[in-house]
>>> print(open('data10.cif').read())   # mmCIF, C-alpha atoms
data_start
loop_
_atom_site.label_atom_id
_atom_site.label_comp_id
_atom_site.auth_asym_id
_atom_site.auth_seq_id
_atom_site.Cartn_x
_atom_site.Cartn_y
_atom_site.Cartn_z
CA MET P 1 -92.69 -3.50 -29.50
CA ILE P 2 -90.24 -2.20 -32.13
CA TRP P 3 -87.02 -0.64 -30.87
CA GLY P 4 -84.79 1.86 -32.63
CA VAL P 5 -81.08 1.57 -31.85
CA LEU P 6 -78.99 4.71 -32.37
CA GLN P 7 -75.68 4.43 -34.17
CA PHE P 8 -72.97 7.07 -33.75
CA PRO P 9 -69.49 7.09 -35.22
CA GLY P 10 -67.70 5.09 -32.52
CA SER P 11 -70.70 3.06 -31.31
CA CYS P 12 -69.72 -0.58 -30.90
CA ASP P 13 -72.59 -2.38 -29.16
CA GLU P 14 -75.43 -1.49 -31.51
CA ARG P 15 -75.47 -4.93 -33.17
CA ASP P 16 -75.80 -6.76 -29.87
CA ALA P 17 -78.50 -4.27 -28.87
CA LEU P 18 -80.41 -5.00 -32.11
CA HIS P 19 -80.17 -8.72 -31.42
CA ALA P 20 -81.34 -8.26 -27.82
CA CYS P 21 -84.31 -6.15 -28.96
CA GLU P 22 -85.27 -8.81 -31.48
CA LEU P 23 -85.28 -11.41 -28.71
CA ALA P 24 -86.98 -9.25 -26.08
CA GLY P 25 -89.44 -7.44 -28.34
CA ASP P 26 -90.80 -7.65 -31.86
CA GLY P 27 -87.84 -6.27 -33.75
CA ALA P 28 -85.49 -3.34 -34.08
CA ARG P 29 -83.77 -1.13 -36.59
CA LEU P 30 -80.68 1.04 -36.56
CA ILE P 31 -80.99 4.82 -36.58
CA TRP P 32 -77.99 6.76 -37.90
CA HIS P 33 -76.97 9.69 -35.68
CA GLU P 34 -77.69 12.25 -38.41
CA SER P 35 -81.30 11.11 -38.79
CA ARG P 36 -84.29 12.45 -36.87
CA ASP P 37 -86.56 9.73 -38.22
CA LEU P 38 -88.08 7.67 -35.40
CA ASP P 39 -91.09 6.55 -37.49
CA GLY P 40 -92.44 3.14 -36.54
CA VAL P 41 -90.24 2.98 -33.45
CA ASP P 42 -91.89 2.42 -30.04
CA GLY P 43 -88.73 2.77 -27.97
CA VAL P 44 -85.11 3.83 -28.37
CA ILE P 45 -81.80 2.27 -27.28
CA VAL P 46 -78.74 4.51 -26.99
CA PRO P 47 -76.02 1.86 -27.18
CA GLY P 48 -72.55 1.46 -25.76
CA GLY P 49 -69.27 2.36 -27.37
CA PHE P 50 -67.25 5.52 -27.74
CA SER P 51 -69.48 7.94 -29.62
CA TYR P 52 -67.44 10.64 -31.37
CA GLY P 53 -64.35 9.08 -29.85
CA ASP P 54 -65.43 10.19 -26.35
CA TYR P 55 -63.78 13.51 -27.27
CA LEU P 56 -64.05 16.26 -24.64
CA ARG P 57 -66.10 14.05 -22.27
CA ALA P 58 -67.91 10.79 -22.89
CA GLY P 59 -71.25 11.67 -24.50
CA ALA P 60 -70.56 15.41 -24.63
CA ILE P 61 -70.79 15.70 -28.41
CA ALA P 62 -73.20 12.86 -29.15
CA CYS P 63 -75.87 14.51 -27.02
CA PHE P 64 -76.20 17.31 -29.61
CA SER P 65 -76.67 15.02 -32.62
CA PRO P 66 -79.88 15.27 -34.70
CA ALA P 67 -80.91 11.77 -33.60
CA MET P 68 -80.58 12.78 -29.94
CA GLU P 69 -82.73 15.86 -30.52
CA ALA P 70 -85.44 13.54 -31.85
CA VAL P 71 -84.93 11.20 -28.89
CA ALA P 72 -85.28 14.07 -26.40
CA GLU P 73 -88.59 15.06 -28.00
CA ALA P 74 -89.83 11.47 -28.02
CA ALA P 75 -88.76 10.98 -24.40
CA ALA P 76 -90.70 14.09 -23.38
CA GLY P 77 -93.73 12.44 -24.98
CA GLY P 78 -93.30 9.30 -22.89
CA VAL P 79 -91.45 7.03 -25.35
CA PRO P 80 -89.22 4.55 -23.48
CA VAL P 81 -85.48 5.14 -23.86
CA ILE P 82 -82.66 2.94 -22.54
CA GLY P 83 -79.09 4.22 -22.46
CA ILE P 84 -76.46 1.56 -21.96
CA CYS P 85 -72.91 2.41 -20.86
CA ASN P 86 -71.87 5.15 -23.31
CA GLY P 87 -75.59 5.59 -23.97
CA PHE P 88 -76.07 6.27 -20.25
CA GLN P 89 -73.31 8.89 -20.45
CA VAL P 90 -75.01 10.45 -23.49
CA LEU P 91 -78.39 10.63 -21.71
CA CYS P 92 -76.77 12.29 -18.67
CA GLU P 93 -74.95 14.82 -20.86
CA ALA P 94 -78.22 15.48 -22.71
CA GLY P 95 -79.92 16.25 -19.40
CA LEU P 96 -82.45 13.44 -19.90
CA LEU P 97 -81.08 11.69 -16.81
CA PRO P 98 -79.70 13.17 -13.59
CA GLY P 99 -76.03 12.90 -12.59
CA ALA P 100 -72.79 12.17 -14.42
CA LEU P 101 -70.34 9.31 -14.97
CA LEU P 102 -66.76 9.84 -13.85
CA ARG P 103 -63.57 7.85 -14.28
CA ASN P 104 -63.51 4.63 -12.29
CA VAL P 105 -61.67 4.73 -8.97
CA GLU P 106 -58.12 3.47 -9.42
CA LEU P 107 -58.46 4.39 -13.14
CA ARG P 108 -58.99 0.74 -14.10
CA PHE P 109 -61.02 -0.21 -17.13
CA ARG P 110 -63.33 -2.88 -15.66
CA CYS P 111 -64.56 -5.76 -17.77
CA HIS P 112 -66.33 -8.49 -15.81
CA GLN P 113 -69.67 -10.06 -14.94
CA VAL P 114 -71.43 -8.05 -12.21
CA GLU P 115 -74.37 -8.83 -9.98
CA LEU P 116 -77.08 -6.18 -9.91
CA ILE P 117 -80.06 -5.77 -7.63
CA GLU P 118 -83.23 -4.49 -9.23
CA GLU P 119 -84.71 -1.85 -6.93
CA GLY P 120 -88.25 -2.54 -5.84
CA THR P 121 -88.30 -6.26 -6.62
CA GLY P 122 -84.92 -7.12 -5.07
CA GLU P 123 -84.36 -9.44 -8.03
CA ARG P 124 -80.69 -10.32 -8.66
CA LEU P 125 -79.32 -10.01 -12.20
CA SER P 126 -76.01 -11.22 -13.60
CA ILE P 127 -74.87 -8.91 -16.41
CA PRO P 128 -71.47 -8.00 -17.90
CA ALA P 129 -69.97 -4.56 -17.33
CA LYS P 130 -67.08 -3.05 -19.31
CA HIS P 131 -66.13 0.56 -18.86
CA GLY P 132 -63.45 3.00 -17.74
CA GLU P 133 -65.80 5.83 -16.85
CA GLY P 134 -68.71 4.34 -14.97
CA ARG P 135 -68.51 5.92 -11.53
CA TYR P 136 -71.99 7.33 -11.03
CA TYR P 137 -71.91 10.72 -9.38
CA ALA P 138 -74.54 13.21 -8.28
CA PRO P 139 -74.45 15.73 -5.42
CA GLU P 140 -75.73 14.34 -2.11
CA GLU P 141 -79.04 16.22 -2.17
CA MET P 142 -79.70 14.98 -5.71
CA LEU P 143 -78.98 11.39 -4.60
CA ASP P 144 -81.43 11.80 -1.71
CA ARG P 145 -84.06 13.05 -4.12
CA LEU P 146 -83.46 10.18 -6.58
CA GLU P 147 -83.88 7.65 -3.79
CA ALA P 148 -86.99 9.37 -2.43
CA ASN P 149 -88.55 9.43 -5.93
CA GLY P 150 -87.73 5.80 -6.62
CA GLN P 151 -85.48 6.80 -9.53
CA VAL P 152 -82.68 4.39 -8.64
CA ALA P 153 -83.30 1.43 -10.96
CA TYR P 154 -80.34 -0.88 -10.27
CA ARG P 155 -77.60 -1.11 -7.68
CA TYR P 156 -74.43 -3.17 -7.67
CA ALA P 157 -74.74 -6.08 -5.23
CA ASP P 158 -72.33 -6.16 -2.28
CA GLY P 159 -68.77 -6.47 -3.55
CA HIS P 160 -69.67 -5.66 -7.17
CA ASN P 161 -69.31 -1.88 -7.16
CA SER P 162 -65.81 -1.84 -8.63
CA ASN P 163 -66.02 1.61 -10.23
CA GLY P 164 -66.80 3.54 -7.03
CA SER P 165 -70.36 4.62 -7.93
CA ALA P 166 -72.19 6.73 -5.34
CA ARG P 167 -74.50 4.60 -3.19
CA ASP P 168 -73.74 1.55 -5.39
CA ILE P 169 -75.93 2.99 -8.13
CA ALA P 170 -75.64 1.13 -11.45
CA GLY P 171 -78.71 2.56 -13.17
CA VAL P 172 -81.20 5.43 -12.79
CA ARG P 173 -84.49 6.53 -14.31
CA ASN P 174 -85.87 9.97 -15.06
CA GLU P 175 -88.72 11.29 -12.95
CA ALA P 176 -91.41 10.09 -15.37
CA GLY P 177 -89.82 6.62 -15.41
CA ASN P 178 -89.65 6.23 -19.20
CA VAL P 179 -85.91 6.97 -19.54
CA LEU P 180 -83.45 4.48 -18.05
CA GLY P 181 -79.67 4.52 -18.05
CA LEU P 182 -77.29 1.87 -16.75
CA MET P 183 -73.58 1.11 -17.03
CA PRO P 184 -73.69 -2.72 -17.28
CA HIS P 185 -74.67 -4.25 -20.61
CA PRO P 186 -78.01 -6.12 -20.64
CA GLU P 187 -77.66 -6.63 -24.42
CA HIS P 188 -74.67 -8.92 -23.77
CA ALA P 189 -76.72 -11.14 -21.42
CA VAL P 190 -79.50 -12.48 -23.63
CA ASP P 191 -78.30 -15.99 -24.57
CA PRO P 192 -77.67 -18.99 -22.27
CA LEU P 193 -74.56 -19.65 -24.38
CA THR P 194 -72.85 -16.65 -22.79
CA GLY P 195 -73.95 -17.54 -19.26
CA SER P 196 -76.97 -15.37 -18.51
CA THR P 197 -80.24 -14.19 -20.03
CA ASP P 198 -80.93 -11.70 -17.25
CA GLY P 199 -80.41 -8.80 -19.67
CA LEU P 200 -83.77 -9.55 -21.29
CA ARG P 201 -85.44 -8.52 -18.02
CA VAL P 202 -84.08 -5.01 -18.43
CA PHE P 203 -85.55 -4.60 -21.92
CA ARG P 204 -88.86 -6.15 -20.89
CA SER P 205 -89.14 -3.95 -17.81
CA MET P 206 -89.06 -0.93 -20.10
CA GLU P 207 -91.62 -2.50 -22.43
CA LYS P 208 -93.90 -2.76 -19.41
CA ALA P 209 -93.21 0.88 -18.60
CA ALA P 210 -94.34 1.75 -22.13
CA ALA P 211 -97.53 -0.30 -21.97
CA MET G 212 -61.08 40.48 -35.04
CA ALA G 213 -61.42 37.29 -33.08
CA ALA G 214 -60.15 37.31 -29.53
CA LYS G 215 -57.87 34.56 -28.32
CA ALA G 216 -58.95 32.83 -25.17
CA ARG G 217 -57.96 29.91 -23.02
CA VAL G 218 -60.46 27.87 -21.02
CA LEU G 219 -59.24 25.88 -18.02
CA ILE G 220 -61.53 23.07 -16.93
CA ARG G 221 -60.95 21.17 -13.72
CA PRO G 222 -62.84 18.67 -11.59
CA LYS G 223 -64.97 20.41 -8.97
CA GLU G 224 -63.52 20.61 -5.48
CA GLY G 225 -64.62 17.60 -3.45
CA ILE G 226 -64.94 15.29 -6.45
CA LEU G 227 -62.46 12.43 -6.38
CA ASP G 228 -60.00 12.87 -9.24
CA PRO G 229 -58.30 9.49 -9.79
CA GLN G 230 -56.04 10.93 -12.51
CA GLY G 231 -54.68 13.50 -10.08
CA LYS G 232 -54.22 10.79 -7.44
CA ALA G 233 -52.34 8.55 -9.89
CA VAL G 234 -49.97 11.38 -10.83
CA GLU G 235 -49.50 12.24 -7.15
CA ARG G 236 -48.63 8.65 -6.29
CA ALA G 237 -46.09 8.42 -9.13
CA LEU G 238 -44.10 11.48 -8.03
CA PRO G 239 -42.22 10.20 -4.93
CA ALA G 240 -40.73 7.31 -6.95
CA LEU G 241 -39.24 9.91 -9.28
CA GLY G 242 -37.68 11.81 -6.42
CA PHE G 243 -40.32 14.56 -6.18
CA GLU G 244 -41.35 14.65 -2.55
CA GLY G 245 -43.83 17.02 -0.96
CA VAL G 246 -46.19 17.45 -3.90
CA GLY G 247 -49.88 17.13 -3.06
CA HIS G 248 -53.41 18.05 -4.10
CA VAL G 249 -52.75 17.22 -7.75
CA ARG G 250 -55.81 17.76 -9.94
CA VAL G 251 -55.82 16.97 -13.65
CA GLY G 252 -58.10 18.99 -15.93
CA ARG G 253 -58.26 20.16 -19.53
CA LEU G 254 -57.08 23.20 -21.41
CA VAL G 255 -58.99 24.44 -24.45
CA GLU G 256 -57.54 27.22 -26.61
CA LEU G 257 -59.82 29.02 -29.02
CA GLU G 258 -60.45 32.20 -30.96
CA ALA G 259 -63.88 33.74 -30.59
CA GLU G 260 -65.46 36.58 -32.54
CA ASP G 261 -67.88 37.20 -29.69
CA PRO G 262 -66.01 36.54 -26.41
CA GLU G 263 -69.12 37.57 -24.44
CA ARG G 264 -70.67 34.25 -25.37
CA LEU G 265 -67.78 32.19 -24.00
CA PRO G 266 -69.35 31.47 -20.58
CA GLU G 267 -72.47 30.11 -22.27
CA LEU G 268 -70.36 28.00 -24.61
CA CYS G 269 -68.40 26.62 -21.66
CA GLU G 270 -71.52 25.72 -19.71
CA LYS G 271 -73.16 24.08 -22.67
CA LEU G 272 -70.28 22.11 -24.13
CA LEU G 273 -66.73 22.53 -22.86
CA ALA G 274 -67.49 21.79 -19.21
CA ASN G 275 -70.15 19.78 -17.41
CA PRO G 276 -71.14 22.19 -14.60
CA LEU G 277 -72.27 19.30 -12.40
CA ILE G 278 -68.75 17.92 -12.11
CA GLU G 279 -66.38 20.58 -13.48
CA ASP G 280 -65.44 24.21 -12.89
CA PHE G 281 -64.15 26.36 -15.70
CA GLU G 282 -62.12 29.53 -15.91
CA ILE G 283 -61.90 31.72 -19.00
CA GLN G 284 -58.71 33.66 -19.66
CA THR G 285 -58.86 36.12 -22.55
CA LEU G 286 -55.40 36.69 -24.00
#
>>> encode(input="data10.cif", output="structure tokens")
Amino acid sequence: MIWGVLQFPGSCDERDALHACELAGDGARLIWHESRDLDGVDGVIVPGGFSYGDYLRAGAIACFSPAMEAVAEAAAGGVPVIGICNGFQVLCEAGLLPGALLRNVELRFRCHQVELIEEGTGERLSIPAKHGEGRYYAPEEMLDRLEANGQVAYRYADGHNSNGSARDIAGVRNEAGNVLGLMPHPEHAVDPLTGSTDGLRVFRSMEKAAA
Amino acid sequence: MAAKARVLIRPKEGILDPQGKAVERALPALGFEGVGHVRVGRLVELEAEDPERLPELCEKLLANPLIEDFEIQTL
């Protein structure tokens, strides 16, 4: 599987995402935000960072970029898309995922290893998180619907929800299941040297979704 | 001629606003007692040739209707 990794002005995790895709799949290439060219790409990563300086709201401007228009079309056709951190915010602003990300409780920028529980399997993952605006929010009835549809992908394990996310939600999927967004950074957990390779599971789970 | 307008954007009622809370907590130390319900939002000033389209513009870009309310004041 070949991944395309978007690159906006202000992205900062696209290189790690490329590296992770090379390890988890069969390769990856960068896609500049002004390009609509997704040729040869089987899946798309919207990486972390501060696209367009996070001006107005995180992801508010990036979601209207030409690359994101192409991603929205591809996603509608079933192509797997993973939004990580700022990428998650972009996908929510674009309407490809439900909900929104608000400032962390206590206004603290959190940078630490978190434990996640994969919904369905109950598998525990250790993955770094680093964000100031990662508090997942959706109205109660929307949260009920997400849970009923099995759209919650990852939750923070007990004691690891430091941003105040609703119902400990760390990651959600769209209804079709081919678009995933999460705040923690699986691309930073792909090498035993840095303590965990659990991030690879996240990429591979979406490869399975594509197959 | 373009019309001047001001758009006020604030967090929806019921949504925890940690910025507002932080400001609120800082006030007593400065001698300002009895100030509550502080909410921090954004102010956007603009000039629009077609002010009728401002609500649409606000919903699409300036505010996220899921988490924010907006108010347009034409000047």
>>> interface_residues(input="data10.cif", of="chain G", to="chain P", cutoff="9 Å", atoms="only C-alpha atoms", output="VMD selection string")
chain G and resid 226 to 230 232 to 233 253 272 to 275 277 to 278
>>> residues_around(input="data10.cif", residues="region 204-209 of chain P", least_positions_apart="6", cutoff="10 Å", atoms="only C-alpha atoms", output="PyMOL selection string")
chain P and resi 1-3+21+24-25+42-43+78-82+176-180
>>> atom_distance(input="data10.cif", atom1="CA of Pro128 (chain P)", atom2="CA of Gly181 (chain P)")
15.0 Å
>>> residues_around(input="data10.cif", residues="Asp39 (chain P)", least_positions_apart="4", cutoff="12 Å", atoms="all atoms listed in the file", output="mmCIF file with C-alpha atoms, in the frame of the given file")
data_model
loop_
_atom_site.group_PDB
_atom_site.id
_atom_site.type_symbol
_atom_site.label_atom_id
_atom_site.label_comp_id
_atom_site.auth_asym_id
_atom_site.auth_seq_id
_atom_site.Cartn_x
_atom_site.Cartn_y
_atom_site.Cartn_z
ATOM 1 C CA ILE P 2 -90.240 -2.200 -32.130
ATOM 2 C CA TRP P 3 -87.020 -0.640 -30.870
ATOM 3 C CA GLY P 4 -84.790 1.860 -32.630
ATOM 4 C CA ALA P 28 -85.490 -3.340 -34.080
ATOM 5 C CA ARG P 29 -83.770 -1.130 -36.590
ATOM 6 C CA LEU P 30 -80.680 1.040 -36.560
ATOM 7 C CA ILE P 31 -80.990 4.820 -36.580
ATOM 8 C CA SER P 35 -81.300 11.110 -38.790
ATOM 9 C CA GLY P 43 -88.730 2.770 -27.970
ATOM 10 C CA VAL P 44 -85.110 3.830 -28.370
ATOM 11 C CA ALA P 70 -85.440 13.540 -31.850
ATOM 12 C CA VAL P 71 -84.930 11.200 -28.890
ATOM 13 C CA ALA P 74 -89.830 11.470 -28.020
#
>>> resolve_selection(input="data10.cif", expression="the PyMOL selection byres ((chain G and resi 234) around 10)", output="PyMOL selection string")
chain G and resi 229-233+235-239+246-247+249-251
>>> atom_distance(input="data10.cif", atom1="CA of Ala129 (chain P)", atom2="CA of Cys111 (chain P)")
5.6 Å
>>> resolve_selection(input="data10.cif", expression="the PyMOL selection byres ((chain P and resi 154-161) around 7)", output="PDB file with C-alpha atoms, keeping the file's coordinate frame")
ATOM      1  CA  VAL P 114     -71.430  -8.050 -12.210  1.00  0.00           C
ATOM      2  CA  GLU P 115     -74.370  -8.830  -9.980  1.00  0.00           C
ATOM      3  CA  LEU P 116     -77.080  -6.180  -9.910  1.00  0.00           C
ATOM      4  CA  ILE P 117     -80.060  -5.770  -7.630  1.00  0.00           C
ATOM      5  CA  GLU P 118     -83.230  -4.490  -9.230  1.00  0.00           C
ATOM      6  CA  GLU P 119     -84.710  -1.850  -6.930  1.00  0.00           C
ATOM      7  CA  VAL P 152     -82.680   4.390  -8.640  1.00  0.00           C
ATOM      8  CA  ALA P 153     -83.300   1.430 -10.960  1.00  0.00           C
ATOM      9  CA  SER P 162     -65.810  -1.840  -8.630  1.00  0.00           C
ATOM     10  CA  ASN P 163     -66.020   1.610 -10.230  1.00  0.00           C
ATOM     11  CA  GLY P 164     -66.800   3.540  -7.030  1.00  0.00           C
ATOM     12  CA  SER P 165     -70.360   4.620  -7.930  1.00  0.00           C
ATOM     13  CA  ASP P 168     -73.740   1.550  -5.390  1.00  0.00           C
ATOM     14  CA  ILE P 169     -75.930   2.990  -8.130  1.00  0.00           C
ATOM     15  CA  ALA P 170     -75.640   1.130 -11.450  1.00  0.00           C
ATOM     16  CA  GLY P 171     -78.710   2.560 -13.170  1.00  0.00           C
ATOM     17  CA  VAL P 172     -81.200   5.430 -12.790  1.00  0.00           C
TER      18      VAL P 172
END
>>> atom_distance(input="data10.cif", atom1="CA of Ile127 (chain P)", atom2="CA of Phe8 (chain P)")
23.7 Å
>>> resolve_selection(input="data10.cif", expression="the PyMOL selection byres ((chain P and resi 9) around 10)", output="list of chain:residue names")
P:Gln7, P:Phe8, P:Gly10, P:Ser11, P:Cys12, P:Trp32, P:His33, P:Gly49, P:Phe50, P:Ser51, P:Tyr52, P:Gly53, P:Ala62
>>> write_last_selection(input="data10.cif", atoms="C-alpha atoms", output="PDB file, in the coordinates of the input")
ATOM      1  CA  GLN P   7     -75.680   4.430 -34.170  1.00  0.00           C
ATOM      2  CA  PHE P   8     -72.970   7.070 -33.750  1.00  0.00           C
ATOM      3  CA  GLY P  10     -67.700   5.090 -32.520  1.00  0.00           C
ATOM      4  CA  SER P  11     -70.700   3.060 -31.310  1.00  0.00           C
ATOM      5  CA  CYS P  12     -69.720  -0.580 -30.900  1.00  0.00           C
ATOM      6  CA  TRP P  32     -77.990   6.760 -37.900  1.00  0.00           C
ATOM      7  CA  HIS P  33     -76.970   9.690 -35.680  1.00  0.00           C
ATOM      8  CA  GLY P  49     -69.270   2.360 -27.370  1.00  0.00           C
ATOM      9  CA  PHE P  50     -67.250   5.520 -27.740  1.00  0.00           C
ATOM     10  CA  SER P  51     -69.480   7.940 -29.620  1.00  0.00           C
ATOM     11  CA  TYR P  52     -67.440  10.640 -31.370  1.00  0.00           C
ATOM     12  CA  GLY P  53     -64.350   9.080 -29.850  1.00  0.00           C
ATOM     13  CA  ALA P  62     -73.200  12.860 -29.150  1.00  0.00           C
TER      14      ALA P  62
END
>>> closest_residue(input="data10.cif", among="P:Gly48, P:Tyr55, P:Arg145, P:Ser126", to="Asp13 (chain P)", atoms="only C-alpha atoms")
P:Gly48
>>> closest_residue(input="data10.cif", among="G:Leu257, G:Ala240, G:Leu265, G:Leu219", to="Phe281 (chain G)", atoms="all atoms listed in the file")
G:Leu219
>>> residues_near_point(input="data10.cif", point="(-62.6, 34.8, -32.1)", cutoff="12 Å", atoms="only C-alpha atoms", output="PDB file with C-alpha atoms, in the coordinates of the input")
ATOM      1  CA  MET G 212     -61.080  40.480 -35.040  1.00  0.00           C
ATOM      2  CA  ALA G 213     -61.420  37.290 -33.080  1.00  0.00           C
ATOM      3  CA  ALA G 214     -60.150  37.310 -29.530  1.00  0.00           C
ATOM      4  CA  LYS G 215     -57.870  34.560 -28.320  1.00  0.00           C
ATOM      5  CA  ALA G 216     -58.950  32.830 -25.170  1.00  0.00           C
ATOM      6  CA  ARG G 217     -57.960  29.910 -23.020  1.00  0.00           C
ATOM      7  CA  GLU G 256     -57.540  27.220 -26.610  1.00  0.00           C
ATOM      8  CA  LEU G 257     -59.820  29.020 -29.020  1.00  0.00           C
ATOM      9  CA  GLU G 258     -60.450  32.200 -30.960  1.00  0.00           C
ATOM     10  CA  ALA G 259     -63.880  33.740 -30.590  1.00  0.00           C
ATOM     11  CA  GLU G 260     -65.460  36.580 -32.540  1.00  0.00           C
ATOM     12  CA  ASP G 261     -67.880  37.200 -29.690  1.00  0.00           C
ATOM     13  CA  PRO G 262     -66.010  36.540 -26.410  1.00  0.00           C
ATOM     14  CA  GLU G 263     -69.120  37.570 -24.440  1.00  0.00           C
ATOM     15  CA  ARG G 264     -70.670  34.250 -25.370  1.00  0.00           C
ATOM     16  CA  LEU G 265     -67.780  32.190 -24.000  1.00  0.00           C
ATOM     17  CA  THR G 285     -58.860  36.120 -22.550  1.00  0.00           C
ATOM     18  CA  LEU G 286     -55.400  36.690 -24.000  1.00  0.00           C
TER      19      LEU G 286
END
>>> axis_aligned_box(input="data10.cif", around="region 241-244 of chain G", padding_each_side="3 Å", output="JSON")
{"center_x": -39.5, "center_y": 12.3, "center_z": -5.9, "size_x": 9.7, "size_y": 10.7, "size_z": 12.7}
>>> closest_residue(input="data10.cif", among="P:Val90, P:Val46, P:Leu200, P:Ala166", to="Glu187 (chain P)", atoms="all atoms listed in the file")
P:Leu200
>>> closest_residue(input="data10.cif", among="P:Glu34, P:Glu22, P:Glu14, P:Asp144", to="Phe203 (chain P)", atoms="only C-alpha atoms")
P:Glu22
